[in-house]
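Below: the structure, in structure tokens.
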Amino acid sequence: MTAAPEPLLVATDLRKAYGPTPALDGAELTVRAGEVVAVMGPSGSGKSTLLHCLAGIVTPDSGDVRYRGQQMSLMSDGERSALRRTDFGFVFQFGQLVPELTCLENVAMPLRLAGRRRKDAEALAATWLERLEVTDLAGKRPGEVSGGQGQRVAVARALVGAPRVVFADEPTGALDSLNGERVMRLLTDAAHDTGAAVVLVTHEPRVAAYSDREIVVRDGKSRDMERAA
Amino acid sequence: MSIGHTLLGLLESGPRHGYDLKRAFDERFGHDRPLAYGQVYSTMARLLKNGLVEVDGIEPGGGPERKRYAITDAGVTDVESWLAQPEKPEPYLQTTLYTKVVLALLTGRPAADLLDSQRAEHLRLMRELTRRKSGGDLADQLICDHALFHLEADLRWLELTAARLDQLAAEVTR
Ligand SMILES: Nc1ncnc2c1ncn2[C@@H]1O[C@H](COP(=O)(O)OP(=O)(O)OP(=O)(O)O)[C@@H](O)[C@H]1O
Ligand SMILES: [Mg+2]
């Protein structure tokens, strides 16, 4: 056995309220390099808020998120958004692809934003479309593909920039079980191959079964289920 | 599962020896639980007595493993009516999980922890089956999916019960 790798992301005692009721009430979570962590829990329990805090999209009222030892709340907005571009990938339930761009251009976009030349970016994007078995969608726009196909394009886009962490919030929420599982398998295989960690919010147990471990969020508090066992 | 019907069904494609039947069964349906030889021979003896199979040949030497069995017309009819008869759905009305939750509440033990550790146990098996499914052929996938959907149903029930635990506690201890 090798020693457990240093955690990539450590969130401690996160609190966040929108109005009187807290969305997060002392949640915590540790993500290590390369692992897939499922975040489950009832609707409204704070899963998405937790994910947004981890990704530096939402700033918690109190508590601490450290990414590779660096406290995110001490970074400037510019530093945080640079981090999101370079180190993080995102997959949501739907509506994440730019409708005016082709699928290939969508996948190439993170690379273009990072300053890569169009030709290089699109060549790499094409390899990711191939990997997710949607090469034939390259020239289509998101409005012209099915939900399952769109999610595979979204997974390609999330992984194309070689992120260290992929945040996925209900990535299979709009898919039937067969397509949902294909997306999960492609996502987790690709993440394992590239060494990316995945934070996976889902309410489907069969989707959570693709994780290495599970956190349950209830009323804004998290519970590490490995400790429950 | 009705082993008699399954062995009969496997015989429909042609006569087989007992050991050959066992192998065919294990390959397709045995997965985690291969058939014992004794079970094959006692089942074949019963099918023979009921006229659903006949002995098609015996190799010299004696002993049950030397017999070759063939399905009879009555056997074919029997397989056909078994396949046509829908299985009775499992009613799931007597569950150990529910009983444990209620007993925990009645005796003032932490029912929420019980639900959580059960949940972790379920998810652990679901992960294992998911991994096995990823490496398997279509037959493996379908058999694992059957288990996964059932485990998922249990897990959803655990979730729902956890969310209603206070209400249940009030009712059972009233
Ligand atoms: N931008 C916001 N403004 C106001 N309230 C919010 C906002 N975002 C979340 N909330 C509230 O915070 C709580 C937690 O919401 P969150 O979206 O994190 O839940 P969730 O676990 O992701 O739920 P679901 O499973 O339905 O997606 C909810 O009560 C929600 O109404
Ligand atoms: Mg949500």
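Chain lettering (A, B, ...) mirrors the order of the structure tokens, residue numbering begins at 1 for each chain separately, and ligand numbering begins at 1 in order of display.
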Inset, instruction - Please extract the residues at most 10 Å from ligand 1, counting only C-alpha atoms and all ligand atoms, and provide them as JSON, numbers by chain, using the chain letters and residue numbers of this document. - result: {"A": [16, 17, 18, 19, 20, 21, 22, 23, 24, 39, 40, 41, 42, 43, 44, 45, 46, 47, 48, 49, 50, 51, 52, 53, 58, 93, 169, 170, 201, 202, 203, 216, 217, 218, 219, 220]}
Legend entry - Surrounding residues of Glu214 in chain A excluding itself and chain neighbours under 3 positions, 12 Å, only C-alpha atoms, as an MDAnalysis selection string: (chainID A and resid 29:31 35:41 198:203 205 207:211 217 222:229) or (chainID B and resid 116 119:124 127)
Inset, instruction - Check range 29-210 of chain A with DSSP on the backbone and list each residue it calls strand (DSSP E or B), as an MDAnalysis selection string. - result: chainID A and resid 29:32 36:40 62:67 70:71 88:91 165:169 197:201
Inset, instruction - Using backbone DSSP assignments, extract all helix (DSSP H, G or I) residues from range 38-193 of chain A; output them as a ChimeraX atom specification. - result: /A:47-54,72-74,77-87,103-113,118-131,135-137,142-144,147-159,177-193
With a distance threshold of 9 Å and counting only C-alpha atoms, extract the residues of chain B near chain A and express them as a compact mmCIF listing (two decimals) with N, CA, C and O atoms, in the first residue's frame.
# COMPACT_ATOMS: atom_id res chain seq x y z
N ASP B 113 -28.59 5.59 12.45
CA ASP B 113 -27.29 4.97 12.20
C ASP B 113 -27.44 3.63 11.52
O ASP B 113 -26.67 3.25 10.64
N LEU B 114 -28.45 2.90 11.97
CA LEU B 114 -28.74 1.60 11.36
C LEU B 114 -29.03 1.78 9.87
O LEU B 114 -28.51 1.06 9.02
N ASP B 116 -28.11 4.26 7.96
CA ASP B 116 -26.90 4.71 7.28
C ASP B 116 -25.91 3.59 7.04
O ASP B 116 -25.30 3.49 5.96
N SER B 117 -25.74 2.71 8.03
CA SER B 117 -24.76 1.66 7.79
C SER B 117 -25.30 0.64 6.78
O SER B 117 -24.54 0.08 5.99
N GLN B 118 -26.62 0.47 6.77
CA GLN B 118 -27.21 -0.41 5.75
C GLN B 118 -27.02 0.20 4.36
O GLN B 118 -26.71 -0.49 3.39
N ARG B 119 -27.21 1.50 4.29
CA ARG B 119 -27.06 2.22 3.04
C ARG B 119 -25.64 2.05 2.49
O ARG B 119 -25.42 1.76 1.31
N ALA B 120 -24.65 2.19 3.38
CA ALA B 120 -23.25 2.05 2.97
C ALA B 120 -22.99 0.63 2.47
O ALA B 120 -22.30 0.42 1.47
N GLU B 121 -23.58 -0.33 3.16
CA GLU B 121 -23.41 -1.74 2.77
C GLU B 121 -24.03 -2.00 1.39
O GLU B 121 -23.44 -2.67 0.55
N LEU B 123 -24.54 0.23 -0.98
CA LEU B 123 -23.80 0.91 -2.03
C LEU B 123 -22.49 0.18 -2.34
O LEU B 123 -22.04 0.15 -3.47
N ARG B 124 -21.92 -0.44 -1.30
CA ARG B 124 -20.69 -1.19 -1.52
C ARG B 124 -20.93 -2.34 -2.50
O ARG B 124 -20.16 -2.54 -3.44
N LEU B 125 -22.01 -3.06 -2.30
CA LEU B 125 -22.32 -4.16 -3.22
C LEU B 125 -22.65 -3.61 -4.60
O LEU B 125 -22.27 -4.19 -5.63
N MET B 126 -23.36 -2.49 -4.64
CA MET B 126 -23.69 -1.89 -5.95
C MET B 126 -22.43 -1.50 -6.71
O MET B 126 -22.36 -1.65 -7.93
N ARG B 127 -21.43 -1.00 -6.00
CA ARG B 127 -20.16 -0.65 -6.66
C ARG B 127 -19.50 -1.89 -7.24
O ARG B 127 -19.00 -1.89 -8.35
N GLU B 128 -19.52 -2.95 -6.44
CA GLU B 128 -18.87 -4.18 -6.87
C GLU B 128 -19.56 -4.71 -8.14
O GLU B 128 -18.90 -5.10 -9.10
N LEU B 129 -20.89 -4.70 -8.14
CA LEU B 129 -21.62 -5.20 -9.30
C LEU B 129 -21.40 -4.29 -10.51
O LEU B 129 -21.35 -4.75 -11.65
N THR B 130 -21.29 -2.99 -10.25
CA THR B 130 -21.06 -2.04 -11.34
C THR B 130 -19.69 -2.30 -11.99
O THR B 130 -19.56 -2.26 -13.21
N ARG B 131 -18.69 -2.59 -11.14
CA ARG B 131 -17.36 -2.90 -11.69
C ARG B 131 -17.42 -4.18 -12.50
O ARG B 131 -16.86 -4.27 -13.59
N SER B 134 -18.95 -3.64 -15.83
CA SER B 134 -18.10 -2.94 -16.79
C SER B 134 -17.16 -3.91 -17.50
O SER B 134 -16.84 -3.72 -18.66
N LEU B 148 -28.77 -4.80 -9.46
CA LEU B 148 -28.58 -3.37 -9.18
C LEU B 148 -29.90 -2.62 -9.04
O LEU B 148 -30.06 -1.77 -8.16
N PHE B 149 -30.86 -2.96 -9.90
CA PHE B 149 -32.16 -2.28 -9.79
C PHE B 149 -32.86 -2.63 -8.47
O PHE B 149 -33.49 -1.79 -7.86
N LEU B 151 -31.30 -3.53 -5.65
CA LEU B 151 -30.56 -2.86 -4.57
C LEU B 151 -30.88 -1.38 -4.56
O LEU B 151 -30.99 -0.76 -3.49
N GLU B 152 -31.05 -0.81 -5.74
CA GLU B 152 -31.41 0.60 -5.81
C GLU B 152 -32.77 0.85 -5.15
O GLU B 152 -32.95 1.83 -4.43
N ALA B 153 -33.69 -0.07 -5.37
CA ALA B 153 -35.02 0.08 -4.75
C ALA B 153 -34.89 0.06 -3.22
O ALA B 153 -35.48 0.88 -2.52
N LEU B 155 -32.27 0.91 -1.54
CA LEU B 155 -31.57 2.11 -1.11
C LEU B 155 -32.51 3.32 -1.09
O LEU B 155 -32.47 4.16 -0.19
N ARG B 156 -33.39 3.37 -2.08
CA ARG B 156 -34.37 4.46 -2.10
C ARG B 156 -35.30 4.36 -0.89
O ARG B 156 -35.69 5.36 -0.30
N GLU B 159 -33.55 5.65 2.10
CA GLU B 159 -33.51 7.10 2.05
C GLU B 159 -34.84 7.70 2.52
O GLU B 159 -34.89 8.62 3.34
N ALA B 163 -35.74 9.87 5.92
CA ALA B 163 -36.39 11.19 5.89
C ALA B 163 -37.67 11.23 6.73
O ALA B 163 -38.11 12.30 7.14
Inset, instruction - Write out as a ChimeraX atom specification the residues lying within 12 Å of Val172 in chain B, counting only C-alpha atoms and excluding same-chain residues fewer than 4 positions away. - result: /B:99,101-108,165-168
